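Undergrad: Encoded as structure tokens, here's the structure I'll be asking about.
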Amino acid sequence: MLRIENGLILSADINNREKLLQILNEIGDLIDGVKLGYIPLLSIRDCIEVVSEKTYVLADIKIADIPATNERVCKILKERGCKGITAHPFVGEDSLKACVNAGLDVFSVVDMTHSGAERFLTPVRDKLASLSASLGVRGFIVPATRTETVRILREKYPELIFLSPGIGVQGGSAYEVAKLGVDAVIVGRSIINSKNPRKIAEDVIDDFREGKSNI
């Protein structure tokens with residue numbers, strides 16, 4: 001289970017093992033976990049095993065397949081050391097339920113940060129959230145670039161964990177989403193591409209905590 005202390009999850013979109021380990025060694029004590037997407041998963045051998053020895057691993061593959069495939073994928077990820085997974089709920093109740101039944105923390109992607117999401121995802125956000133909550137997901141992925149989504153869903157689902165990407169490079173604010181009740185922010189490029197990753201991580205945490213204090 002994800003345990004949140006500082007409210008920061010690293011999005012490790014890194015394709016180099018040495019750089020990944022360097023970042024983890026530098027800020028590992030500051031983060032609550034690492035989100036591993038396709039870039040590190042496809043680029044770094046035993047990526048999950050390496051990171052899971054150090055912290056919580058959220059596999060960000062946004063799984064969206066038939067129930068049998070979802071079940072098998074979740075089983076493999078769990079065996080390799082993942083504790084959580086992101087999943088698309090639009091494929092339906094049976095597919096999402098297969099992920100929940102696998103025993104991982106399932107974070108349902110109910111909206112996304114990019115502009116293209118406005119066409120198909122954002123309009124059905126409430127339906128996706130309702131379905132996800134009814135099936136027992138651990139929480140939602142809510143974009144920091146869409147504070148209206150965060151505000152509306154937080155009011156409806158106070159018991160779920162909200163993780164918010166889109167901070168920094170994409171324009172989202174850790175302070176603003178913290179004020180709206182997000183439990184942790186997911187930050188990647190702002191930290192990874194910095195000459196001083198630790199300072200940036202500390203700044204994000206400070207902003208997040210300040211926002212929390214103003215709820």
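Ordering of the structure tokens sets the chain letters (A, B, ...), residue numbers begin anew at 1 in every chain, and ligands are numbered from 1 in the order given.
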So that I can see what lies close to Cys82 of chain A, please list as a list in words the residues with an atom at most 7 Å from it, counting only C-alpha atoms and leaving out residues fewer than 5 positions away in the same chain.
TA: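 Contacts, with the query itself left out: Ile48, Ser52, Val57, Leu58, Ala59 and Leu77 of chain A.
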Undergrad: Sort by chain and increasing residue number a table of all residues of segment 13-67 of chain A within 12 Å of segment 171-184 of chain A, each with its closest pair of atoms and their distance in Å to one decimal, counting only C-alpha atoms, and write it as a Markdown table.
TA:
| residue | atom | partner | partner_atom | distance |
| --- | --- | --- | --- | --- |
| A:Ile31 | CA | A:Ala184 | CA | 9.9 |
| A:Asp32 | CA | A:Ala184 | CA | 8.5 |
| A:Gly33 | CA | A:Ala184 | CA | 10.1 |
| A:Val34 | CA | A:Ala184 | CA | 11.7 |
Undergrad: For the residues in the current selection, export N, CA and C atoms as a PDB file, in the first residue's frame.
TA:
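Result file result_10.pdb:
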ATOM      1  N   ILE A  31      11.129  11.229  -1.557  1.00  0.00           N
ATOM      2  CA  ILE A  31       9.974  10.812  -2.342  1.00  0.00           C
ATOM      3  C   ILE A  31       9.202   9.690  -1.657  1.00  0.00           C
ATOM      4  N   ASP A  32       7.924   9.609  -2.001  1.00  0.00           N
ATOM      5  CA  ASP A  32       7.060   8.552  -1.462  1.00  0.00           C
ATOM      6  C   ASP A  32       6.976   7.356  -2.400  1.00  0.00           C
ATOM      7  N   GLY A  33       7.541   7.488  -3.572  1.00  0.00           N
ATOM      8  CA  GLY A  33       7.518   6.389  -4.526  1.00  0.00           C
ATOM      9  C   GLY A  33       8.012   6.852  -5.877  1.00  0.00           C
ATOM     10  N   VAL A  34       8.055   5.902  -6.809  1.00  0.00           N
ATOM     11  CA  VAL A  34       8.492   6.196  -8.173  1.00  0.00           C
ATOM     12  C   VAL A  34       7.456   5.662  -9.146  1.00  0.00           C
TER      13      VAL A  34
END
Undergrad: Sorted by chain and rising residue number, which residues of segment 35-113 of chain A lie within 12 Å of segment 185-200 of chain A, and what are their closest atom pairs and distances in Å to one decimal, counting only C-alpha atoms, as CSV?
TA:
residue,atom,partner,partner_atom,distance
A:Lys35,CA,A:Ile186,CA,7.8
A:Leu36,CA,A:Gly188,CA,10.4
A:Gly37,CA,A:Gly188,CA,10.9
A:Leu58,CA,A:Ile186,CA,10.8
A:Asp60,CA,A:Ile186,CA,11.3
A:Thr113,CA,A:Ile186,CA,11.7
Undergrad: If you keep all heavy atoms, can you produce a file of those selected residues as an mmCIF file, in the first residue's frame?
TA:
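Full text of out_5.cif as output:
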data_model
loop_
_atom_site.group_PDB
_atom_site.id
_atom_site.type_symbol
_atom_site.label_atom_id
_atom_site.label_comp_id
_atom_site.auth_asym_id
_atom_site.auth_seq_id
_atom_site.Cartn_x
_atom_site.Cartn_y
_atom_site.Cartn_z
ATOM 1 N N LYS A 35 7.094 6.506 -10.098
ATOM 2 C CA LYS A 35 6.216 6.092 -11.184
ATOM 3 C C LYS A 35 7.076 5.689 -12.364
ATOM 4 O O LYS A 35 7.846 6.492 -12.884
ATOM 5 C CB LYS A 35 5.268 7.226 -11.577
ATOM 6 C CG LYS A 35 4.319 6.867 -12.717
ATOM 7 C CD LYS A 35 3.374 8.014 -13.019
ATOM 8 C CE LYS A 35 4.019 9.120 -13.805
ATOM 9 N NZ LYS A 35 4.331 8.750 -15.215
ATOM 10 N N LEU A 36 6.962 4.425 -12.764
ATOM 11 C CA LEU A 36 7.726 3.915 -13.889
ATOM 12 C C LEU A 36 6.803 3.734 -15.085
ATOM 13 O O LEU A 36 5.888 2.902 -15.062
ATOM 14 C CB LEU A 36 8.385 2.580 -13.535
ATOM 15 C CG LEU A 36 9.459 2.601 -12.454
ATOM 16 C CD1 LEU A 36 9.916 1.187 -12.141
ATOM 17 C CD2 LEU A 36 10.649 3.465 -12.872
ATOM 18 N N GLY A 37 7.054 4.512 -16.134
ATOM 19 C CA GLY A 37 6.272 4.394 -17.352
ATOM 20 C C GLY A 37 7.002 3.559 -18.385
ATOM 21 O O GLY A 37 7.965 2.851 -18.099
ATOM 22 N N LEU A 58 5.057 2.410 -8.709
ATOM 23 C CA LEU A 58 3.783 2.515 -9.394
ATOM 24 C C LEU A 58 4.043 2.321 -10.888
ATOM 25 O O LEU A 58 4.718 3.136 -11.516
ATOM 26 C CB LEU A 58 3.153 3.887 -9.145
ATOM 27 C CG LEU A 58 1.878 4.225 -9.921
ATOM 28 C CD1 LEU A 58 0.734 3.301 -9.517
ATOM 29 C CD2 LEU A 58 1.492 5.687 -9.692
ATOM 30 N N ASP A 60 3.206 2.742 -14.375
ATOM 31 C CA ASP A 60 2.318 3.626 -15.128
ATOM 32 C C ASP A 60 2.210 3.143 -16.567
ATOM 33 O O ASP A 60 2.763 3.743 -17.489
ATOM 34 C CB ASP A 60 2.838 5.060 -15.071
ATOM 35 C CG ASP A 60 1.917 6.025 -15.795
ATOM 36 O OD1 ASP A 60 0.702 5.758 -15.836
ATOM 37 O OD2 ASP A 60 2.412 7.041 -16.318
ATOM 38 N N THR A 113 -3.490 15.071 -18.620
ATOM 39 C CA THR A 113 -2.964 16.434 -18.603
ATOM 40 C C THR A 113 -2.936 17.116 -19.965
ATOM 41 O O THR A 113 -2.951 18.340 -20.039
ATOM 42 C CB THR A 113 -1.531 16.437 -18.048
ATOM 43 O OG1 THR A 113 -0.712 15.591 -18.882
ATOM 44 C CG2 THR A 113 -1.485 15.927 -16.617
#
Undergrad: Leaving out Ser130 of chain A and any residue of its chain fewer than 6 positions from it, which residues lie within 10 Å of it when counting only C-alpha atoms, given as a count of residues only?
TA: 5
Undergrad: Tell me which protein, DNA and RNA residues are within 7 Å of segment 137-151 of chain A, counting only C-alpha atoms, leaving out same-chain ones fewer than 4 positions away, and put them as a ChimeraX atom specification.
TA: /A:100,105-113,132-133,155,160-167,171-173,177,180
Undergrad: Take the residues from that selection and write them out as a PDB file, in the first residue's frame, keeping C-alpha atoms.
TA:
ATOM      1  CA  VAL A 100      -8.386  -4.549  -8.525  1.00  0.00           C
ATOM      2  CA  ASP A 105      -3.063  -0.436  -5.623  1.00  0.00           C
ATOM      3  CA  VAL A 106      -5.077   0.528  -8.698  1.00  0.00           C
ATOM      4  CA  PHE A 107      -5.066   4.191  -9.664  1.00  0.00           C
ATOM      5  CA  SER A 108      -7.705   4.922 -12.248  1.00  0.00           C
ATOM      6  CA  VAL A 109      -6.871   7.423 -14.979  1.00  0.00           C
ATOM      7  CA  VAL A 110     -10.047   9.514 -15.001  1.00  0.00           C
ATOM      8  CA  ASP A 111      -8.578  12.463 -16.929  1.00  0.00           C
ATOM      9  CA  MET A 112      -5.216  13.395 -18.431  1.00  0.00           C
ATOM     10  CA  THR A 113      -2.964  16.434 -18.603  1.00  0.00           C
ATOM     11  CA  SER A 132     -13.782   3.199 -10.662  1.00  0.00           C
ATOM     12  CA  ALA A 133     -14.851   4.052  -7.135  1.00  0.00           C
ATOM     13  CA  GLU A 155     -15.665  16.700  -3.230  1.00  0.00           C
ATOM     14  CA  LEU A 160      -9.689   7.954  -2.256  1.00  0.00           C
ATOM     15  CA  ILE A 161      -6.039   8.833  -2.871  1.00  0.00           C
ATOM     16  CA  PHE A 162      -5.532  11.513  -5.502  1.00  0.00           C
ATOM     17  CA  LEU A 163      -2.207  11.586  -7.377  1.00  0.00           C
ATOM     18  CA  SER A 164      -1.630  14.550  -9.644  1.00  0.00           C
ATOM     19  CA  PRO A 165       0.810  14.720 -12.592  1.00  0.00           C
ATOM     20  CA  GLY A 166       1.437  17.749 -14.798  1.00  0.00           C
ATOM     21  CA  ILE A 167       3.436  19.787 -12.281  1.00  0.00           C
ATOM     22  CA  GLY A 171       2.135  24.136 -16.115  1.00  0.00           C
ATOM     23  CA  GLY A 172       0.481  22.591 -13.060  1.00  0.00           C
ATOM     24  CA  SER A 173       1.114  23.901  -9.545  1.00  0.00           C
ATOM     25  CA  VAL A 177      -3.640  21.108  -6.282  1.00  0.00           C
ATOM     26  CA  LEU A 180      -7.760  21.258  -3.545  1.00  0.00           C
TER      27      LEU A 180
END
Undergrad: Using backbone DSSP assignments, extract all helix (DSSP H, G or I) residues from segment 13-194 of chain A; output them as a PyMOL selection string.
TA: chain A and resi 17-27+38-43+47-52+67-80+89-91+93-101+117-120+122-134+147-156+174-179+189-192
Undergrad: How far is it from atom CA of Leu8 of chain A to atom CA of Ile205 of chain A, in Å with one decimal?
TA: 6.6 Å
